[in-house]
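The data block below is work.csv; it holds CSV, C-alpha atoms.
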```csv
chain,number,residue,atom,x,y,z
Y,1,MET,CA,-4.2,113.2,106.5
Y,2,LEU,CA,-1.3,115.5,107.1
Y,3,THR,CA,-1.6,119.3,107.2
Y,4,GLU,CA,0.5,121.4,104.8
Y,5,ASN,CA,2.9,122.3,107.7
Y,6,GLN,CA,3.3,118.6,108.6
Y,7,GLN,CA,4.0,117.7,105.0
Y,8,SER,CA,6.7,120.3,104.7
Y,9,GLN,CA,8.3,119.1,107.9
Y,10,GLN,CA,8.1,115.5,106.6
Y,11,ARG,CA,9.9,116.6,103.4
Y,12,ALA,CA,12.5,118.3,105.5
Y,13,VAL,CA,13.1,115.2,107.6
Y,14,ASN,CA,13.4,113.1,104.5
Y,15,SER,CA,16.0,115.5,103.0
Y,16,PHE,CA,18.1,115.8,106.1
Y,17,SER,CA,21.8,115.5,105.6
Y,18,GLU,CA,23.7,113.9,108.5
Y,19,ASN,CA,25.5,117.2,109.4
Y,20,PRO,CA,24.1,120.5,108.4
Y,21,ILE,CA,27.1,122.7,107.5
Y,22,ALA,CA,25.7,126.2,107.2
Y,23,HIS,CA,23.8,128.1,109.9
Y,24,LEU,CA,20.9,128.7,107.5
Y,25,ASP,CA,20.7,125.0,106.6
Y,26,PHE,CA,20.3,124.2,110.3
Y,27,GLN,CA,17.7,127.0,110.6
Y,28,ARG,CA,15.7,125.5,107.7
Y,29,MET,CA,15.9,122.0,109.0
Y,30,PHE,CA,14.8,122.8,112.5
Y,31,PRO,CA,12.6,125.9,112.4
Y,32,ASP,CA,10.6,125.0,115.5
Y,33,GLU,CA,10.1,122.4,118.3
Y,34,ALA,CA,7.8,120.3,116.1
Y,35,ALA,CA,10.5,119.8,113.5
Y,36,CYS,CA,13.0,118.8,116.2
Y,37,LEU,CA,10.6,116.3,117.7
Y,38,LEU,CA,9.8,114.9,114.2
Y,39,TYR,CA,13.5,114.4,113.6
Y,40,LEU,CA,14.0,112.6,116.9
Y,41,GLU,CA,11.0,110.4,116.2
Y,42,LYS,CA,12.4,109.4,112.8
Y,43,MET,CA,15.8,108.7,114.3
Y,44,ARG,CA,14.3,106.5,117.1
Y,45,TRP,CA,11.8,104.7,114.8
Y,46,PRO,CA,13.2,104.9,111.3
Y,47,ASP,CA,10.7,102.3,110.0
Y,48,GLY,CA,7.7,103.8,111.8
Y,49,PHE,CA,6.6,103.7,115.4
Y,50,VAL,CA,6.8,100.3,117.2
Y,51,CYS,CA,5.6,100.0,120.8
Y,52,ASP,CA,8.3,99.0,123.3
Y,53,LYS,CA,5.7,97.1,125.4
Y,54,CYS,CA,3.5,95.2,123.0
Y,55,SER,CA,5.6,95.5,119.8
Y,56,ALA,CA,2.6,96.8,117.8
Y,57,ALA,CA,3.6,98.8,114.8
Y,58,GLY,CA,1.5,101.6,113.3
Y,59,GLU,CA,0.6,105.2,113.7
Y,60,PRO,CA,0.5,106.2,117.4
Y,61,PHE,CA,-1.9,108.6,119.1
Y,62,ARG,CA,-0.3,112.1,119.3
Y,63,LEU,CA,-1.3,114.1,122.3
Y,64,SER,CA,-1.5,117.8,121.7
Y,65,SER,CA,-1.1,118.5,125.4
Y,66,ARG,CA,2.1,116.3,125.6
Y,67,PRO,CA,4.0,116.7,122.3
Y,68,LYS,CA,7.0,114.7,123.5
Y,69,VAL,CA,4.9,111.6,124.1
Y,70,LEU,CA,3.3,109.1,121.7
Y,71,LYS,CA,0.6,106.6,122.8
Y,72,CYS,CA,0.4,103.1,121.4
Y,73,ARG,CA,-3.0,102.5,119.8
Y,74,ALA,CA,-3.0,98.8,120.8
Y,75,CYS,CA,-2.0,98.9,124.5
Y,76,GLN,CA,-2.2,102.6,125.4
Y,77,GLN,CA,1.4,102.6,126.6
Y,78,ASP,CA,3.1,106.0,126.6
Y,79,ALA,CA,6.4,106.3,124.7
Y,80,SER,CA,8.6,109.3,125.1
Y,81,ILE,CA,10.4,110.6,122.0
Y,82,THR,CA,13.3,111.8,124.1
Y,83,ALA,CA,13.7,108.6,126.2
Y,84,GLY,CA,17.3,107.5,126.3
Y,85,THR,CA,18.7,111.0,125.4
Y,86,VAL,CA,20.2,113.8,127.4
Y,87,MET,CA,17.0,115.7,126.7
Y,88,HIS,CA,14.7,113.3,128.5
Y,89,ARG,CA,12.7,114.9,131.4
Y,90,SER,CA,14.3,118.2,130.7
Y,91,LYS,CA,12.3,121.4,131.2
Y,92,THR,CA,14.4,123.1,128.5
Y,93,SER,CA,12.9,123.3,125.1
Y,94,ILE,CA,14.0,120.6,122.6
Y,95,HIS,CA,14.6,123.5,120.1
Y,96,VAL,CA,17.1,125.0,122.6
Y,97,TRP,CA,18.8,121.6,123.0
Y,98,PHE,CA,19.2,121.3,119.2
Y,99,TRP,CA,20.6,124.8,118.8
Y,100,ALA,CA,23.0,124.2,121.7
Y,101,ALA,CA,24.2,121.0,120.1
Y,102,TYR,CA,24.6,122.7,116.8
Y,103,LEU,CA,26.5,125.7,118.2
Y,104,ILE,CA,28.8,123.5,120.3
Y,105,THR,CA,29.7,121.3,117.3
Y,106,ALA,CA,29.8,124.1,114.7
Y,107,GLN,CA,32.6,126.0,116.4
Y,108,THR,CA,36.0,124.4,116.4
Y,109,SER,CA,37.2,126.6,119.3
Y,110,GLY,CA,34.3,125.5,121.4
Y,111,VAL,CA,31.7,127.6,123.2
Y,112,SER,CA,31.5,128.7,126.9
Y,113,ALA,CA,28.4,128.4,129.0
Y,114,LEU,CA,28.2,132.2,129.2
Y,115,GLU,CA,28.3,132.5,125.4
Y,116,LEU,CA,25.7,129.8,125.0
Y,117,GLN,CA,23.5,131.6,127.5
Y,118,LYS,CA,23.8,134.8,125.5
Y,119,ARG,CA,23.4,133.3,122.1
Y,120,LEU,CA,20.3,131.2,123.0
Y,121,GLY,CA,18.7,133.7,125.2
Y,122,ILE,CA,18.7,131.4,128.3
Y,123,LYS,CA,17.9,133.3,131.4
Y,124,ARG,CA,19.9,131.3,133.9
Y,125,TYR,CA,23.7,130.6,133.6
Y,126,GLU,CA,23.2,127.3,135.5
Y,127,THR,CA,20.8,126.1,132.7
Y,128,ALA,CA,23.4,126.9,130.0
Y,129,PHE,CA,26.1,125.3,132.0
Y,130,GLN,CA,24.0,122.1,132.4
Y,131,LEU,CA,23.3,122.0,128.7
Y,132,LEU,CA,26.9,122.4,127.9
Y,133,HIS,CA,28.0,119.8,130.4
Y,134,LYS,CA,25.5,117.2,129.3
Y,135,LEU,CA,26.3,117.7,125.6
Y,136,ARG,CA,30.0,117.4,126.1
```
For the file at hand, write its structure as C-alpha coordinates.
Amino acid sequence: MLTENQQSQQRAVNSFSENPIAHLDFQRMFPDEAACLLYLEKMRWPDGFVCDKCSAAGEPFRLSSRPKVLKCRACQQDASITAGTVMHRSKTSIHVWFWAAYLITAQTSGVSALELQKRLGIKRYETAFQLLHKLR
(Lines of atoms letter the chains of each structure in order from A and count residues from 1; the text may use other names and numbers.)
(Lines give C-alpha, C1' and ligand atoms only; values in the text may rest on other atoms or scores of the structure.)
Protein backbone atom coordinates (compact mmCIF):
# COMPACT_ATOMS: atom_id res chain seq x y z
CA MET A 1 0.00 0.00 0.00
CA LEU A 2 1.39 3.37 -1.01
CA THR A 3 1.45 6.34 1.36
CA GLU A 4 -0.26 9.57 0.37
CA ASN A 5 3.10 11.13 -0.55
CA GLN A 6 4.03 8.13 -2.74
CA GLN A 7 0.62 8.30 -4.43
CA SER A 8 1.07 12.00 -5.26
CA GLN A 9 4.56 11.26 -6.61
CA GLN A 10 3.13 8.40 -8.69
CA ARG A 11 0.51 10.75 -10.16
CA ALA A 12 3.25 13.28 -10.93
CA VAL A 13 5.33 10.64 -12.74
CA ASN A 14 2.32 9.54 -14.76
CA SER A 15 1.59 13.14 -15.81
CA PHE A 16 5.18 14.06 -16.78
CA SER A 17 5.54 15.81 -20.05
CA GLU A 18 8.76 15.05 -21.86
CA ASN A 19 10.15 18.56 -21.39
CA PRO A 20 8.93 20.82 -18.59
CA ILE A 21 8.91 24.35 -19.97
CA ALA A 22 8.36 26.58 -16.96
CA HIS A 23 10.50 26.74 -13.86
CA LEU A 24 7.46 26.09 -11.66
CA ASP A 25 6.51 23.01 -13.69
CA PHE A 26 9.95 21.56 -13.07
CA GLN A 27 9.71 22.40 -9.37
CA ARG A 28 6.34 20.64 -9.12
CA MET A 29 7.56 17.60 -11.04
CA PHE A 30 10.74 17.13 -9.01
CA PRO A 31 10.17 18.57 -5.52
CA ASP A 32 12.66 16.24 -3.83
CA GLU A 33 15.14 13.42 -4.27
CA ALA A 34 12.43 10.75 -4.00
CA ALA A 35 10.53 12.19 -6.98
CA CYS A 36 13.74 12.26 -9.05
CA LEU A 37 14.52 8.64 -8.18
CA LEU A 38 10.97 7.57 -8.98
CA TYR A 39 11.23 9.29 -12.36
CA LEU A 40 14.55 7.54 -13.12
CA GLU A 41 13.05 4.20 -12.06
CA LYS A 42 10.06 4.69 -14.39
CA MET A 43 12.39 5.63 -17.25
CA ARG A 44 14.62 2.59 -16.68
CA TRP A 45 11.78 0.10 -16.12
CA PRO A 46 8.66 1.54 -17.82
CA ASP A 47 6.72 -1.73 -17.41
CA GLY A 48 7.85 -2.33 -13.83
CA PHE A 49 11.04 -3.64 -12.29
CA VAL A 50 12.74 -6.59 -14.02
CA CYS A 51 15.92 -8.02 -12.49
CA ASP A 52 18.97 -7.88 -14.77
CA LYS A 53 20.36 -11.10 -13.29
CA CYS A 54 17.39 -13.49 -13.04
CA SER A 55 14.80 -11.63 -15.19
CA ALA A 56 12.22 -11.84 -12.41
CA ALA A 57 9.53 -9.18 -12.70
CA GLY A 58 7.73 -7.71 -9.76
CA GLU A 59 7.99 -5.23 -6.94
CA PRO A 60 11.57 -5.09 -5.60
CA PHE A 61 12.66 -4.52 -2.02
CA ARG A 62 13.30 -0.85 -1.32
CA LEU A 63 16.06 -0.19 1.15
CA SER A 64 15.53 2.92 3.26
CA SER A 65 19.27 3.13 3.97
CA ARG A 66 20.09 3.00 0.22
CA PRO A 67 17.36 4.82 -1.73
CA LYS A 68 19.21 4.54 -5.07
CA VAL A 69 19.24 0.73 -4.87
CA LEU A 70 16.46 -1.80 -5.47
CA LYS A 71 16.85 -5.45 -4.43
CA CYS A 72 15.30 -8.29 -6.41
CA ARG A 73 12.91 -10.37 -4.30
CA ALA A 74 13.82 -13.57 -6.17
CA CYS A 75 17.64 -13.57 -6.25
CA GLN A 76 18.48 -10.73 -3.83
CA GLN A 77 20.57 -8.98 -6.53
CA ASP A 78 21.05 -5.22 -6.08
CA ALA A 79 20.04 -2.98 -8.98
CA SER A 80 21.08 0.66 -9.01
CA ILE A 81 18.50 3.11 -10.34
CA THR A 82 21.31 5.35 -11.59
CA ALA A 83 23.32 2.60 -13.34
CA GLY A 84 24.27 3.58 -16.87
CA THR A 85 23.83 7.31 -16.23
CA VAL A 86 26.25 10.13 -15.48
CA MET A 87 24.79 10.16 -11.96
CA HIS A 88 25.98 6.63 -11.13
CA ARG A 89 28.28 6.47 -8.10
CA SER A 90 28.14 10.22 -7.68
CA LYS A 91 28.16 11.71 -4.19
CA THR A 92 26.16 14.67 -5.47
CA SER A 93 22.44 14.54 -4.76
CA ILE A 94 20.21 13.30 -7.60
CA HIS A 95 18.06 16.36 -6.98
CA VAL A 96 21.07 18.62 -7.71
CA TRP A 97 21.81 16.62 -10.89
CA PHE A 98 18.22 17.12 -12.09
CA TRP A 99 18.31 20.85 -11.37
CA ALA A 100 21.67 21.21 -13.09
CA ALA A 101 20.36 19.42 -16.20
CA TYR A 102 17.27 21.62 -16.20
CA LEU A 103 19.21 24.87 -15.80
CA ILE A 104 21.68 23.92 -18.54
CA THR A 105 18.97 23.02 -21.03
CA ALA A 106 16.53 25.80 -20.11
CA GLN A 107 18.92 28.63 -20.96
CA THR A 108 19.71 29.07 -24.62
CA SER A 109 22.83 31.08 -23.84
CA GLY A 110 24.17 28.29 -21.64
CA VAL A 111 25.37 28.43 -18.08
CA SER A 112 28.85 28.66 -16.59
CA ALA A 113 30.16 26.44 -13.82
CA LEU A 114 30.37 29.46 -11.54
CA GLU A 115 26.74 30.38 -12.20
CA LEU A 116 25.70 26.76 -11.66
CA GLN A 117 27.59 26.72 -8.37
CA LYS A 118 25.82 29.87 -7.17
CA ARG A 119 22.33 28.92 -8.35
CA LEU A 120 22.42 25.40 -6.89
CA GLY A 121 24.29 26.31 -3.70
CA ILE A 122 27.16 23.93 -4.44
CA LYS A 123 30.08 24.59 -2.09
CA ARG A 124 32.95 23.64 -4.39
CA TYR A 125 33.54 25.07 -7.85
CA GLU A 126 35.12 21.76 -8.91
CA THR A 127 31.86 19.92 -8.23
CA ALA A 128 29.88 22.39 -10.34
CA PHE A 129 32.48 22.14 -13.10
CA GLN A 130 32.28 18.32 -13.10
CA LEU A 131 28.47 18.42 -13.22
CA LEU A 132 28.57 20.80 -16.15
CA HIS A 133 31.24 18.81 -17.95
CA LYS A 134 29.41 15.47 -17.57
CA LEU A 135 26.07 16.92 -18.63
CA ARG A 136 27.50 18.57 -21.74
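Checking Y:Phe129, Y:Trp45, Y:Trp97, Y:Phe26 one by one against Val111 (chain Y), counting all atoms listed in the file, you find the shortest gap at Y:Phe129.
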Practice task
Excluding His95 (chain Y) and any residue of its chain fewer than 3 positions from it, enumerate the residues within 7 Å of it, using all atoms listed in the file, and give them as a PyMOL selection string.
Solution key: chain Y and resi 32-33+36+98-99
Next, the residues of the selection above should be written as a tab-separated table (two decimals), in the coordinates of the input with C-alpha atoms.
```
chain	number	residue	atom	x	y	z
Y	32	ASP	CA	10.60	125.00	115.50
Y	33	GLU	CA	10.10	122.40	118.30
Y	36	CYS	CA	13.00	118.80	116.20
Y	98	PHE	CA	19.20	121.30	119.20
Y	99	TRP	CA	20.60	124.80	118.80
```
Problem - Separation of CA of Thr108 (chain Y) from CA of Ser93 (chain Y) in Å - result: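 Atom-to-atom, CA of Ser93 (chain Y) to CA of Thr108 (chain Y), that is 24.7 Å.
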Practice task
Point out the residue among Y:Leu103, Y:Ala79, Y:Leu63, Y:Cys72 with the least atom-to-atom distance to Leu120 (chain Y), counting all atoms listed in the file.
Solution key: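 Distance minimum relative to Leu120 (chain Y) lands on Y:Leu103.
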Problem - Residues near Arg62 (chain Y), cut-off 12 Å, only C-alpha atoms, skip fewer than 6 positions along chain, as a ChimeraX atom specification - result: /Y:34,37-38,41,49,68-73,76,78-81
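The two atoms in question, CA of Pro67 (chain Y) and CA of Ser55 (chain Y), are spaced 21.4 Å apart.
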Handout entry: Which residue of Y:Thr92, Y:Thr105, Y:Thr85, Y:Ser65 approaches His23 (chain Y) most closely, using only C-alpha atoms
Key =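 The shortest atom-to-atom distance to His23 (chain Y) comes from Y:Thr105.
The two atoms in question, CA of Leu116 (chain Y) and CA of Leu40 (chain Y), are spaced 22.3 Å apart.
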Exercise for the section: Have a look at Y:Val96, Y:Ala106, Y:Leu24, Y:Leu135 and name the one nearest to Ile122 (chain Y); count only C-alpha atoms. Expected result: Y:Val96
Give me region 83-110 of chain Y with N, CA and C atoms filled in, as a PDB file, in the coordinates of the input.
```pdb
ATOM      1  N   ALA Y  83      13.197 109.659 125.271  1.00  0.00           N
ATOM      2  CA  ALA Y  83      13.700 108.600 126.200  1.00  0.00           C
ATOM      3  C   ALA Y  83      15.084 108.138 125.672  1.00  0.00           C
ATOM      4  N   GLY Y  84      16.011 107.986 126.606  1.00  0.00           N
ATOM      5  CA  GLY Y  84      17.300 107.500 126.300  1.00  0.00           C
ATOM      6  C   GLY Y  84      18.264 108.596 125.733  1.00  0.00           C
ATOM      7  N   THR Y  85      17.848 109.850 125.816  1.00  0.00           N
ATOM      8  CA  THR Y  85      18.700 111.000 125.400  1.00  0.00           C
ATOM      9  C   THR Y  85      18.957 111.892 126.547  1.00  0.00           C
ATOM     10  N   VAL Y  86      19.886 112.814 126.371  1.00  0.00           N
ATOM     11  CA  VAL Y  86      20.200 113.800 127.400  1.00  0.00           C
ATOM     12  C   VAL Y  86      19.003 114.769 127.586  1.00  0.00           C
ATOM     13  N   MET Y  87      18.104 114.797 126.632  1.00  0.00           N
ATOM     14  CA  MET Y  87      17.000 115.700 126.700  1.00  0.00           C
ATOM     15  C   MET Y  87      15.780 115.163 127.474  1.00  0.00           C
ATOM     16  N   HIS Y  88      15.827 113.892 127.844  1.00  0.00           N
ATOM     17  CA  HIS Y  88      14.700 113.300 128.500  1.00  0.00           C
ATOM     18  C   HIS Y  88      14.444 113.926 129.883  1.00  0.00           C
ATOM     19  N   ARG Y  89      13.202 114.222 130.131  1.00  0.00           N
ATOM     20  CA  ARG Y  89      12.700 114.900 131.400  1.00  0.00           C
ATOM     21  C   ARG Y  89      13.335 116.230 131.637  1.00  0.00           C
ATOM     22  N   SER Y  90      13.775 116.876 130.598  1.00  0.00           N
ATOM     23  CA  SER Y  90      14.300 118.200 130.700  1.00  0.00           C
ATOM     24  C   SER Y  90      13.219 119.241 130.546  1.00  0.00           C
ATOM     25  N   LYS Y  91      13.263 120.303 131.322  1.00  0.00           N
ATOM     26  CA  LYS Y  91      12.300 121.400 131.200  1.00  0.00           C
ATOM     27  C   LYS Y  91      12.688 122.338 130.055  1.00  0.00           C
ATOM     28  N   THR Y  92      13.924 122.244 129.622  1.00  0.00           N
ATOM     29  CA  THR Y  92      14.400 123.100 128.500  1.00  0.00           C
ATOM     30  C   THR Y  92      13.825 122.624 127.218  1.00  0.00           C
ATOM     31  N   SER Y  93      13.456 123.565 126.387  1.00  0.00           N
ATOM     32  CA  SER Y  93      12.900 123.300 125.100  1.00  0.00           C
ATOM     33  C   SER Y  93      13.783 122.402 124.232  1.00  0.00           C
ATOM     34  N   ILE Y  94      13.202 121.477 123.492  1.00  0.00           N
ATOM     35  CA  ILE Y  94      14.000 120.600 122.600  1.00  0.00           C
ATOM     36  C   ILE Y  94      14.650 121.484 121.528  1.00  0.00           C
ATOM     37  N   HIS Y  95      13.994 122.541 121.116  1.00  0.00           N
ATOM     38  CA  HIS Y  95      14.600 123.500 120.100  1.00  0.00           C
ATOM     39  C   HIS Y  95      15.851 124.092 120.672  1.00  0.00           C
ATOM     40  N   VAL Y  96      15.873 124.459 121.934  1.00  0.00           N
ATOM     41  CA  VAL Y  96      17.100 125.000 122.600  1.00  0.00           C
ATOM     42  C   VAL Y  96      18.173 123.964 122.624  1.00  0.00           C
ATOM     43  N   TRP Y  97      17.815 122.712 122.956  1.00  0.00           N
ATOM     44  CA  TRP Y  97      18.800 121.600 123.000  1.00  0.00           C
ATOM     45  C   TRP Y  97      19.439 121.456 121.607  1.00  0.00           C
ATOM     46  N   PHE Y  98      18.627 121.458 120.550  1.00  0.00           N
ATOM     47  CA  PHE Y  98      19.200 121.300 119.200  1.00  0.00           C
ATOM     48  C   PHE Y  98      20.099 122.425 118.840  1.00  0.00           C
ATOM     49  N   TRP Y  99      19.697 123.656 119.148  1.00  0.00           N
ATOM     50  CA  TRP Y  99      20.600 124.800 118.800  1.00  0.00           C
ATOM     51  C   TRP Y  99      21.853 124.729 119.643  1.00  0.00           C
ATOM     52  N   ALA Y 100      21.765 124.349 120.891  1.00  0.00           N
ATOM     53  CA  ALA Y 100      23.000 124.200 121.700  1.00  0.00           C
ATOM     54  C   ALA Y 100      23.923 123.197 121.115  1.00  0.00           C
ATOM     55  N   ALA Y 101      23.396 122.043 120.730  1.00  0.00           N
ATOM     56  CA  ALA Y 101      24.200 121.000 120.100  1.00  0.00           C
ATOM     57  C   ALA Y 101      24.861 121.488 118.835  1.00  0.00           C
ATOM     58  N   TYR Y 102      24.094 122.204 118.044  1.00  0.00           N
ATOM     59  CA  TYR Y 102      24.600 122.700 116.800  1.00  0.00           C
ATOM     60  C   TYR Y 102      25.752 123.747 117.058  1.00  0.00           C
ATOM     61  N   LEU Y 103      25.509 124.685 117.961  1.00  0.00           N
ATOM     62  CA  LEU Y 103      26.500 125.700 118.200  1.00  0.00           C
ATOM     63  C   LEU Y 103      27.794 125.133 118.815  1.00  0.00           C
ATOM     64  N   ILE Y 104      27.653 124.126 119.667  1.00  0.00           N
ATOM     65  CA  ILE Y 104      28.800 123.500 120.300  1.00  0.00           C
ATOM     66  C   ILE Y 104      29.655 122.765 119.208  1.00  0.00           C
ATOM     67  N   THR Y 105      28.988 122.075 118.308  1.00  0.00           N
ATOM     68  CA  THR Y 105      29.700 121.300 117.300  1.00  0.00           C
ATOM     69  C   THR Y 105      30.162 122.120 116.104  1.00  0.00           C
ATOM     70  N   ALA Y 106      29.511 123.254 115.858  1.00  0.00           N
ATOM     71  CA  ALA Y 106      29.800 124.100 114.700  1.00  0.00           C
ATOM     72  C   ALA Y 106      31.094 124.901 114.891  1.00  0.00           C
ATOM     73  N   GLN Y 107      31.441 125.178 116.130  1.00  0.00           N
ATOM     74  CA  GLN Y 107      32.600 126.000 116.400  1.00  0.00           C
ATOM     75  C   GLN Y 107      33.776 125.127 116.821  1.00  0.00           C
ATOM     76  N   THR Y 108      34.854 125.211 116.086  1.00  0.00           N
ATOM     77  CA  THR Y 108      36.000 124.400 116.400  1.00  0.00           C
ATOM     78  C   THR Y 108      36.683 124.805 117.696  1.00  0.00           C
ATOM     79  N   SER Y 109      36.581 126.082 118.029  1.00  0.00           N
ATOM     80  CA  SER Y 109      37.200 126.600 119.300  1.00  0.00           C
ATOM     81  C   SER Y 109      36.366 126.272 120.495  1.00  0.00           C
ATOM     82  N   GLY Y 110      35.149 125.771 120.288  1.00  0.00           N
ATOM     83  CA  GLY Y 110      34.300 125.500 121.400  1.00  0.00           C
ATOM     84  C   GLY Y 110      33.450 126.698 121.792  1.00  0.00           C
TER      85      GLY Y 110
END
```
